[in-house]
file target08.txt (compact mmCIF, C-alpha atoms and all ligand atoms)
# COMPACT_ATOMS: atom_id res chain seq x y z
CA MET A 1 111.91 141.07 61.71
CA TYR A 2 112.86 137.74 60.18
CA LEU A 3 115.85 139.05 58.24
CA GLU A 4 117.34 140.20 61.55
CA SER A 5 117.65 136.56 62.65
CA PHE A 6 120.40 136.04 60.05
CA GLN A 7 122.54 138.79 61.61
CA LEU A 8 125.75 137.76 63.38
CA LYS A 9 126.75 141.13 64.84
CA GLY A 10 128.93 140.70 67.93
CA LYS A 11 129.44 136.96 67.36
CA ASN A 12 132.87 135.35 67.31
CA ALA A 13 133.45 132.55 64.81
CA LEU A 14 136.19 130.10 63.89
CA VAL A 15 136.20 128.42 60.46
CA THR A 16 138.79 125.68 60.02
CA GLY A 17 140.35 125.19 56.58
CA SER A 18 139.22 128.66 55.56
CA ARG A 19 142.25 129.84 53.60
CA ARG A 20 140.66 128.50 50.37
CA GLY A 21 137.75 126.56 48.92
CA LEU A 22 134.43 126.20 50.72
CA GLY A 23 135.86 127.42 54.04
CA ALA A 24 136.94 130.73 52.51
CA ALA A 25 133.40 131.37 51.21
CA ILE A 26 131.92 130.47 54.61
CA ALA A 27 134.36 132.78 56.46
CA VAL A 28 133.50 135.73 54.23
CA ALA A 29 129.74 135.07 54.47
CA LEU A 30 129.89 135.05 58.29
CA ALA A 31 131.96 138.25 58.29
CA GLU A 32 129.53 139.99 55.94
CA ALA A 33 126.73 139.04 58.36
CA GLY A 34 128.65 140.74 61.17
CA ALA A 35 130.83 138.08 62.86
CA ASN A 36 134.49 138.30 63.73
CA VAL A 37 136.08 135.30 62.00
CA GLY A 38 139.24 133.40 62.85
CA CYS A 39 140.75 131.81 59.75
CA HIS A 40 142.83 128.64 59.63
CA GLY A 41 144.73 126.45 57.18
CA ARG A 42 147.57 123.97 57.20
CA ASP A 43 149.74 126.23 55.05
CA ARG A 44 151.67 129.12 56.62
CA ASP A 45 150.58 131.39 53.79
CA PRO A 46 147.24 132.84 54.99
CA GLY A 47 145.74 133.21 51.51
CA ALA A 48 143.16 135.95 50.93
CA SER A 49 140.46 135.10 53.49
CA CYS A 50 141.67 137.33 56.35
CA GLU A 51 141.88 140.31 54.01
CA ALA A 52 138.29 139.68 52.91
CA VAL A 53 137.11 139.42 56.52
CA SER A 54 138.92 142.66 57.37
CA ALA A 55 137.43 144.34 54.30
CA ALA A 56 133.99 143.46 55.71
CA GLY A 57 135.00 145.43 58.81
CA ARG A 58 135.43 142.49 61.19
CA LYS A 59 138.24 141.29 63.42
CA THR A 60 140.24 138.33 62.19
CA PHE A 61 143.45 136.35 62.63
CA TYR A 62 145.17 133.52 60.82
CA PHE A 63 146.41 130.34 62.48
CA SER A 64 148.23 127.59 60.59
CA GLY A 65 148.64 124.00 61.67
CA ASP A 66 147.91 120.38 60.86
CA LEU A 67 144.69 119.31 62.59
CA ALA A 68 145.83 115.68 62.57
CA ASN A 69 147.84 116.80 65.59
CA ALA A 70 145.78 117.02 68.81
CA LYS A 71 147.95 119.85 70.14
CA THR A 72 147.18 121.93 67.06
CA CYS A 73 143.44 121.62 67.74
CA THR A 74 143.93 122.84 71.31
CA ALA A 75 146.26 125.65 70.24
CA LEU A 76 143.79 126.79 67.55
CA PHE A 77 140.93 126.91 70.06
CA GLU A 78 143.10 128.76 72.63
CA LYS A 79 144.24 131.26 69.99
CA THR A 80 140.60 131.99 69.15
CA ILE A 81 139.74 132.68 72.78
CA ALA A 82 142.88 134.80 73.22
CA GLU A 83 142.02 136.89 70.13
CA PHE A 84 138.25 137.23 70.51
CA GLY A 85 137.59 136.51 74.21
CA SER A 86 134.91 133.91 73.43
CA LEU A 87 133.62 131.58 70.72
CA ASP A 88 129.98 131.55 69.53
CA ILE A 89 130.31 129.73 66.19
CA LEU A 90 132.56 126.84 65.17
CA VAL A 91 132.59 125.63 61.57
CA ASN A 92 134.52 122.36 61.23
CA ASN A 93 135.31 122.66 57.55
CA ALA A 94 138.96 121.54 57.12
CA GLY A 95 139.18 118.21 55.38
CA ALA A 96 141.35 116.18 53.05
CA ILE A 97 140.72 113.31 50.65
CA HIS A 98 142.89 110.48 49.34
CA ARG A 99 141.81 108.29 46.44
CA ALA A 100 143.01 104.69 46.00
CA PRO A 101 141.34 101.29 45.54
CA ALA A 102 140.49 99.77 48.93
CA ALA A 103 142.74 96.74 48.34
CA GLU A 104 145.77 99.02 47.99
CA TYR A 105 144.71 101.82 50.32
CA PRO A 106 147.74 102.81 52.44
CA MET A 107 147.10 102.56 56.18
CA GLU A 108 148.99 105.84 56.73
CA SER A 109 146.40 107.57 54.52
CA TRP A 110 143.60 105.89 56.47
CA ASP A 111 145.03 107.10 59.80
CA GLU A 112 145.62 110.64 58.50
CA LEU A 113 142.16 110.97 56.94
CA ILE A 114 140.37 109.73 60.06
CA ALA A 115 142.52 112.05 62.23
CA VAL A 116 141.76 115.17 60.16
CA ASP A 117 138.26 114.52 58.82
CA LEU A 118 136.75 112.95 61.96
CA THR A 119 138.88 113.03 65.14
CA ALA A 120 139.82 116.73 64.82
CA VAL A 121 136.14 117.58 64.37
CA PHE A 122 135.33 115.86 67.65
CA ARG A 123 138.29 117.47 69.46
CA LEU A 124 137.37 120.99 68.35
CA SER A 125 133.66 120.40 68.98
CA GLN A 126 134.46 119.15 72.47
CA LEU A 127 136.60 122.22 73.24
CA ALA A 128 133.99 124.59 71.79
CA GLY A 129 131.09 122.72 73.43
CA ARG A 130 132.72 122.85 76.89
CA HIS A 131 133.32 126.57 76.46
CA MET A 132 129.74 127.23 75.32
CA LEU A 133 128.29 125.12 78.15
CA GLN A 134 130.38 127.00 80.71
CA ARG A 135 129.35 130.40 79.35
CA GLY A 136 125.70 129.34 79.21
CA THR A 137 125.02 131.53 76.20
CA GLY A 138 124.56 128.73 73.65
CA GLY A 139 126.33 128.55 70.33
CA LYS A 140 126.46 127.06 66.86
CA ILE A 141 128.58 124.18 65.62
CA VAL A 142 128.44 123.34 61.91
CA ASN A 143 130.31 120.34 60.55
CA ILE A 144 131.05 119.97 56.86
CA ALA A 145 129.92 116.49 55.92
CA SER A 146 129.61 115.12 52.37
CA LEU A 147 127.36 113.14 50.04
CA LEU A 148 129.59 110.31 51.28
CA SER A 149 127.95 110.74 54.66
CA PHE A 150 125.05 108.96 52.90
CA GLN A 151 126.75 107.02 50.10
CA GLY A 152 129.88 104.87 49.91
CA GLY A 153 131.69 106.49 46.98
CA VAL A 154 134.42 104.74 44.97
CA PHE A 155 138.14 104.62 45.87
CA VAL A 156 137.68 106.81 48.97
CA PRO A 157 137.08 104.33 51.84
CA ALA A 158 138.63 106.45 54.62
CA TYR A 159 136.86 109.61 53.46
CA ALA A 160 133.49 107.82 53.31
CA ALA A 161 134.06 106.32 56.77
CA ALA A 162 135.05 109.70 58.23
CA LYS A 163 132.17 111.61 56.62
CA GLY A 164 129.66 108.92 57.62
CA GLY A 165 131.02 109.41 61.14
CA ILE A 166 130.51 113.17 60.86
CA ALA A 167 126.77 112.71 60.24
CA GLN A 168 126.47 110.47 63.30
CA LEU A 169 128.69 112.68 65.47
CA THR A 170 126.54 115.69 64.52
CA LYS A 171 123.42 113.90 65.78
CA ALA A 172 125.15 112.57 68.90
CA LEU A 173 126.35 116.04 69.95
CA ALA A 174 123.01 117.63 69.07
CA ASN A 175 121.18 115.16 71.31
CA GLU A 176 123.35 116.17 74.27
CA TRP A 177 123.56 119.90 73.72
CA ALA A 178 120.28 120.98 72.06
CA SER A 179 118.62 121.69 75.42
CA LYS A 180 121.57 123.94 76.35
CA GLY A 181 121.01 126.22 73.36
CA ILE A 182 123.86 124.79 71.33
CA ASN A 183 122.89 123.85 67.78
CA VAL A 184 125.01 121.16 66.17
CA ASN A 185 124.25 120.62 62.48
CA ALA A 186 126.08 119.68 59.30
CA ILE A 187 126.18 120.63 55.64
CA ALA A 188 126.67 117.94 53.01
CA PRO A 189 128.08 119.66 49.93
CA GLY A 190 127.58 117.98 46.58
CA TYR A 191 130.25 118.01 43.91
CA MET A 192 131.87 121.43 44.26
CA ALA A 193 134.56 122.98 42.08
CA THR A 194 137.45 123.28 44.57
CA ASP A 195 140.95 121.81 44.89
CA ASN A 196 139.33 118.84 46.69
CA THR A 197 137.76 117.69 43.39
CA THR A 198 140.55 118.62 40.95
CA ALA A 199 141.30 114.95 40.17
CA LEU A 200 137.62 114.16 39.53
CA ARG A 201 137.12 117.17 37.28
CA ALA A 202 140.30 116.31 35.34
CA ASP A 203 139.00 112.80 34.56
CA PRO A 204 136.75 113.30 31.50
CA VAL A 205 134.80 110.06 32.01
CA ARG A 206 134.10 110.51 35.76
CA SER A 207 133.41 114.20 35.24
CA ARG A 208 130.81 113.51 32.53
CA GLN A 209 129.22 110.71 34.56
CA LEU A 210 128.90 112.96 37.60
CA LEU A 211 127.50 115.93 35.67
CA GLU A 212 124.89 113.72 33.99
CA ARG A 213 123.61 112.69 37.43
CA ILE A 214 123.42 116.18 38.96
CA PRO A 215 119.88 117.55 38.41
CA ALA A 216 121.23 121.12 38.47
CA ALA A 217 123.55 120.07 35.60
CA ARG A 218 126.59 121.91 36.96
CA TRP A 219 129.31 121.64 39.60
CA GLY A 220 128.64 123.62 42.75
CA GLU A 221 130.69 126.73 43.54
CA PRO A 222 131.99 127.73 47.00
CA LYS A 223 129.42 130.56 47.05
CA ASP A 224 126.63 127.95 46.83
CA ILE A 225 127.50 126.86 50.40
CA ALA A 226 127.52 130.32 51.94
CA GLY A 227 123.76 130.72 52.46
CA ALA A 228 123.38 127.32 54.12
CA ALA A 229 126.31 128.08 56.43
CA LEU A 230 124.91 131.49 57.33
CA TYR A 231 121.52 129.93 58.12
CA LEU A 232 122.98 127.22 60.37
CA CYS A 233 125.30 129.72 62.13
CA SER A 234 122.55 132.24 62.87
CA SER A 235 119.51 132.34 65.13
CA ALA A 236 117.35 131.69 62.04
CA SER A 237 118.12 127.99 62.70
CA ASP A 238 117.62 128.00 66.48
CA TYR A 239 115.13 125.08 66.36
CA VAL A 240 117.24 123.00 63.93
CA HIS A 241 119.33 120.32 65.65
CA GLY A 242 121.27 117.30 64.37
CA HIS A 243 120.37 117.97 60.74
CA VAL A 244 122.60 117.23 57.76
CA LEU A 245 121.65 119.79 55.10
CA ALA A 246 122.50 118.68 51.57
CA VAL A 247 123.63 121.44 49.19
CA ASP A 248 124.09 119.18 46.23
CA GLY A 249 122.30 120.44 43.11
CA GLY A 250 119.67 117.76 43.76
CA TRP A 251 122.07 114.76 43.68
CA LEU A 252 120.58 112.87 46.64
CA GLY A 253 117.05 113.14 45.31
CA ARG A 254 117.92 111.35 42.11
P1 LIG A 301 140.03 122.36 49.71
O1 LIG A 301 139.83 123.44 48.71
O2 LIG A 301 140.98 121.26 49.44
O3 LIG A 301 140.36 123.05 51.13
C1 LIG A 301 140.57 122.26 52.26
C2 LIG A 301 140.95 123.14 53.43
O4 LIG A 301 141.22 122.27 54.55
C3 LIG A 301 142.21 123.93 53.17
O5 LIG A 301 142.15 125.21 53.75
C4 LIG A 301 143.30 123.10 53.86
O6 LIG A 301 144.39 123.87 54.34
C5 LIG A 301 142.54 122.50 55.02
N1 LIG A 301 143.17 121.25 55.43
C6 LIG A 301 143.29 120.11 54.73
N2 LIG A 301 143.96 119.18 55.43
C7 LIG A 301 144.29 119.77 56.61
C8 LIG A 301 145.00 119.35 57.75
N3 LIG A 301 145.57 118.13 57.84
N4 LIG A 301 145.15 120.22 58.78
C9 LIG A 301 144.63 121.45 58.70
N5 LIG A 301 143.93 121.91 57.65
C10 LIG A 301 143.78 121.07 56.61
O7 LIG A 301 138.67 121.58 49.98
P2 LIG A 301 137.14 122.06 49.97
O8 LIG A 301 136.50 121.45 48.79
O9 LIG A 301 137.00 123.50 50.22
O10 LIG A 301 136.63 121.20 51.23
C11 LIG A 301 136.19 121.78 52.43
C12 LIG A 301 135.37 120.74 53.18
O11 LIG A 301 134.26 120.37 52.37
C13 LIG A 301 136.13 119.45 53.46
O12 LIG A 301 135.76 118.94 54.72
C14 LIG A 301 135.65 118.52 52.37
O13 LIG A 301 135.74 117.17 52.72
C15 LIG A 301 134.22 118.96 52.25
N6 LIG A 301 133.57 118.61 51.00
C16 LIG A 301 134.01 119.10 49.81
C17 LIG A 301 133.34 118.74 48.64
C18 LIG A 301 133.75 119.22 47.30
O14 LIG A 301 133.17 118.77 46.30
N7 LIG A 301 134.70 120.13 47.17
C19 LIG A 301 132.25 117.87 48.70
C20 LIG A 301 131.84 117.40 49.95
C21 LIG A 301 132.50 117.77 51.08
P3 LIG A 301 145.48 124.49 53.29
O15 LIG A 301 144.72 125.47 52.46
O16 LIG A 301 146.50 125.15 54.16
O17 LIG A 301 145.99 123.34 52.52
call {"tool": "encode", "arguments": {"input": "target08.txt", "output": "structure tokens"}}
result
Amino acid sequence: MYLESFQLKGKNALVTGSRRGLGAAIAVALAEAGANVGCHGRDRDPGASCEAVSAAGRKTFYFSGDLANAKTCTALFEKTIAEFGSLDILVNNAGAIHRAPAAEYPMESWDELIAVDLTAVFRLSQLAGRHMLQRGTGGKIVNIASLLSFQGGVFVPAYAAAKGGIAQLTKALANEWASKGINVNAIAPGYMATDNTTALRADPVRSRQLLERIPAARWGEPKDIAGAALYLCSSASDYVHGHVLAVDGGWLGR
């Protein structure tokens, strides 16, 4: 009875930034649970995610485009509706990071980071939310936040500002849409071994310092996110609204 609530049969999902990293693991998890999954990346090369979704027996498509561009957000949403007919689950996963000391931080990087990591999340949530409200069948929106939704980090001022904004945006949207059956929640991944953290992992001092502080004593893997994403995208989480779920090997508790 309870296991059934994790099923996503007949649901249509879109996962941004799903051609690699955490997004790829989330896309495959949703497909294995029964959802059709639209995949997206900035690169024209679709990567392996669509093949994995197809191998799970679900419908899929790949759409490439830079989410810093408002028109790309609209086109991605419209493509999803054209392919699947409706959208039940939106995972705002795409995100970038730029590291530099605040005193030298280029304003172009600030503008780009805020556009991709925060503004695009609102644009896509607004498009998906309107659609879900009109249909009246509810839906699930999951934003990928960060430990820097809670902490300031070092050398990543735009990323910390954007991810802090994601936690607040998640709550703001949840407050408006919870009574309409739309769950808006977020996942705050800890330090995960993806391309996003290549520079950190390559720095022996930072890498050691980080590992010493992680109670689980290891970097997270993309698969570590999949269960949390599946939970927040399924009816198992129907009474969970505006929550930021840390999947961080215990980092925040330390
Ligand atoms: P990743 O391996 O670098 O993948 C990022 C994905 O986002 C890629 O598919 C990329 O597309 C897409 N993307 C980046 N900039 C884009 C843009 N301007 N327009 C459209 N798509 C764009 O990173 P990840 O570690 O999986 O990160 C996924 C999410 O988790 C991000 O929001 C990140 O901030 C968050 N996060 C990661 C960690 C971590 O430790 N890894 C920790 C906390 C939060 P392409 O593949 O085409 O380049």
call {"tool": "residues_near_ligand", "arguments": {"input": "target08.txt", "ligand": "ligand LIG 301 (chain A)", "cutoff": "7 Å", "atoms": "only C-alpha atoms and all ligand atoms", "output": "PyMOL selection string"}}
result
chain A and resi 16-23+40-44+65-68+93-97+116-117+144-147+188-197
call {"tool": "closest_residue", "arguments": {"input": "target08.txt", "among": "A:Val121, A:Val91, A:Leu173, A:Ile182", "to": "Ser235 (chain A)", "atoms": "all atoms listed in the file"}}
result
A:Ile182
call {"tool": "atom_distance", "arguments": {"input": "target08.txt", "atom1": "CA of Val142 (chain A)", "atom2": "CA of Ala229 (chain A)"}}
result
7.6 Å
call {"tool": "closest_residue", "arguments": {"input": "target08.txt", "among": "A:Leu3, A:Leu113, A:Ala31, A:Leu8", "to": "Pro157 (chain A)", "atoms": "only C-alpha atoms"}}
result
A:Leu113
call {"tool": "closest_residue", "arguments": {"input": "target08.txt", "among": "A:Ala100, A:Asn143, A:Ala24, A:Ala178", "to": "Gly165 (chain A)", "atoms": "all atoms listed in the file"}}
result
A:Asn143
call {"tool": "closest_residue", "arguments": {"input": "target08.txt", "among": "A:Ser237, A:Gln209, A:Ser109, A:Ser179", "to": "Leu133 (chain A)", "atoms": "all atoms listed in the file"}}
result
A:Ser179
call {"tool": "closest_residue", "arguments": {"input": "target08.txt", "among": "A:Arg135, A:Lys79, A:Lys59, A:Lys163", "to": "Ala27 (chain A)", "atoms": "only C-alpha atoms"}}
result
A:Lys59
call {"tool": "atom_distance", "arguments": {"input": "target08.txt", "atom1": "CA of Leu252 (chain A)", "atom2": "CA of Val154 (chain A)"}}
result
16.1 Å
call {"tool": "residues_near_point", "arguments": {"input": "target08.txt", "point": "(137.7, 132.6, 72.9)", "cutoff": "12 Å", "atoms": "only C-alpha atoms", "output": "ChimeraX atom specification"}}
result
/A:11-14,36-38,74-90,127-132,135
call {"tool": "residues_near_point", "arguments": {"input": "target08.txt", "point": "(146.3, 137.0, 59.8)", "cutoff": "6 Å", "atoms": "only C-alpha atoms", "output": "NGL selection string"}}
result
:A and (50 or 61-62)
call {"tool": "atom_distance", "arguments": {"input": "target08.txt", "atom1": "CA of Ala33 (chain A)", "atom2": "CA of Ala172 (chain A)"}}
result
28.5 Å
call {"tool": "build_atoms", "arguments": {"input": "target08.txt", "residues": "region 141-158 of chain A", "atoms": "N, CA and C atoms", "output": "short mmCIF file (atom, residue, chain, number, x, y, z; two decimals), keeping the file's coordinate frame"}}
result
data_model
loop_
_atom_site.label_atom_id
_atom_site.label_comp_id
_atom_site.auth_asym_id
_atom_site.auth_seq_id
_atom_site.Cartn_x
_atom_site.Cartn_y
_atom_site.Cartn_z
N ILE A 141 127.50 125.00 66.17
CA ILE A 141 128.58 124.18 65.62
C ILE A 141 128.08 123.59 64.31
N VAL A 142 128.82 123.84 63.23
CA VAL A 142 128.44 123.34 61.91
C VAL A 142 129.58 122.50 61.37
N ASN A 143 129.30 121.25 61.09
CA ASN A 143 130.31 120.34 60.55
C ASN A 143 130.11 120.20 59.04
N ILE A 144 131.20 120.18 58.30
CA ILE A 144 131.05 119.97 56.86
C ILE A 144 131.17 118.48 56.58
N ALA A 145 130.03 117.93 56.21
CA ALA A 145 129.92 116.49 55.92
C ALA A 145 130.16 116.30 54.43
N SER A 146 129.40 115.42 53.79
CA SER A 146 129.61 115.12 52.37
C SER A 146 128.45 114.26 51.89
N LEU A 147 128.31 114.13 50.56
CA LEU A 147 127.36 113.14 50.04
C LEU A 147 127.79 111.75 50.51
N LEU A 148 129.09 111.61 50.80
CA LEU A 148 129.59 110.31 51.28
C LEU A 148 129.32 110.12 52.77
N SER A 149 128.54 111.02 53.36
CA SER A 149 127.95 110.74 54.66
C SER A 149 126.75 109.80 54.47
N PHE A 150 126.24 109.77 53.22
CA PHE A 150 125.05 108.96 52.90
C PHE A 150 125.39 107.80 51.97
N GLN A 151 126.41 108.01 51.13
CA GLN A 151 126.75 107.02 50.10
C GLN A 151 128.18 106.55 50.31
N GLY A 152 128.56 105.44 49.67
CA GLY A 152 129.88 104.87 49.91
C GLY A 152 131.00 105.42 49.05
N GLY A 153 130.65 106.00 47.88
CA GLY A 153 131.69 106.49 46.98
C GLY A 153 132.53 105.36 46.40
N VAL A 154 133.53 105.72 45.61
CA VAL A 154 134.42 104.74 44.97
C VAL A 154 135.85 105.20 45.18
N PHE A 155 136.70 104.34 45.66
CA PHE A 155 138.14 104.62 45.87
C PHE A 155 138.42 105.61 47.00
N VAL A 156 137.45 105.87 47.86
CA VAL A 156 137.68 106.81 48.97
C VAL A 156 137.18 106.21 50.30
N PRO A 157 137.65 105.01 50.66
CA PRO A 157 137.08 104.33 51.84
C PRO A 157 137.25 105.11 53.14
N ALA A 158 138.41 105.72 53.36
CA ALA A 158 138.63 106.45 54.62
C ALA A 158 137.77 107.71 54.67
#
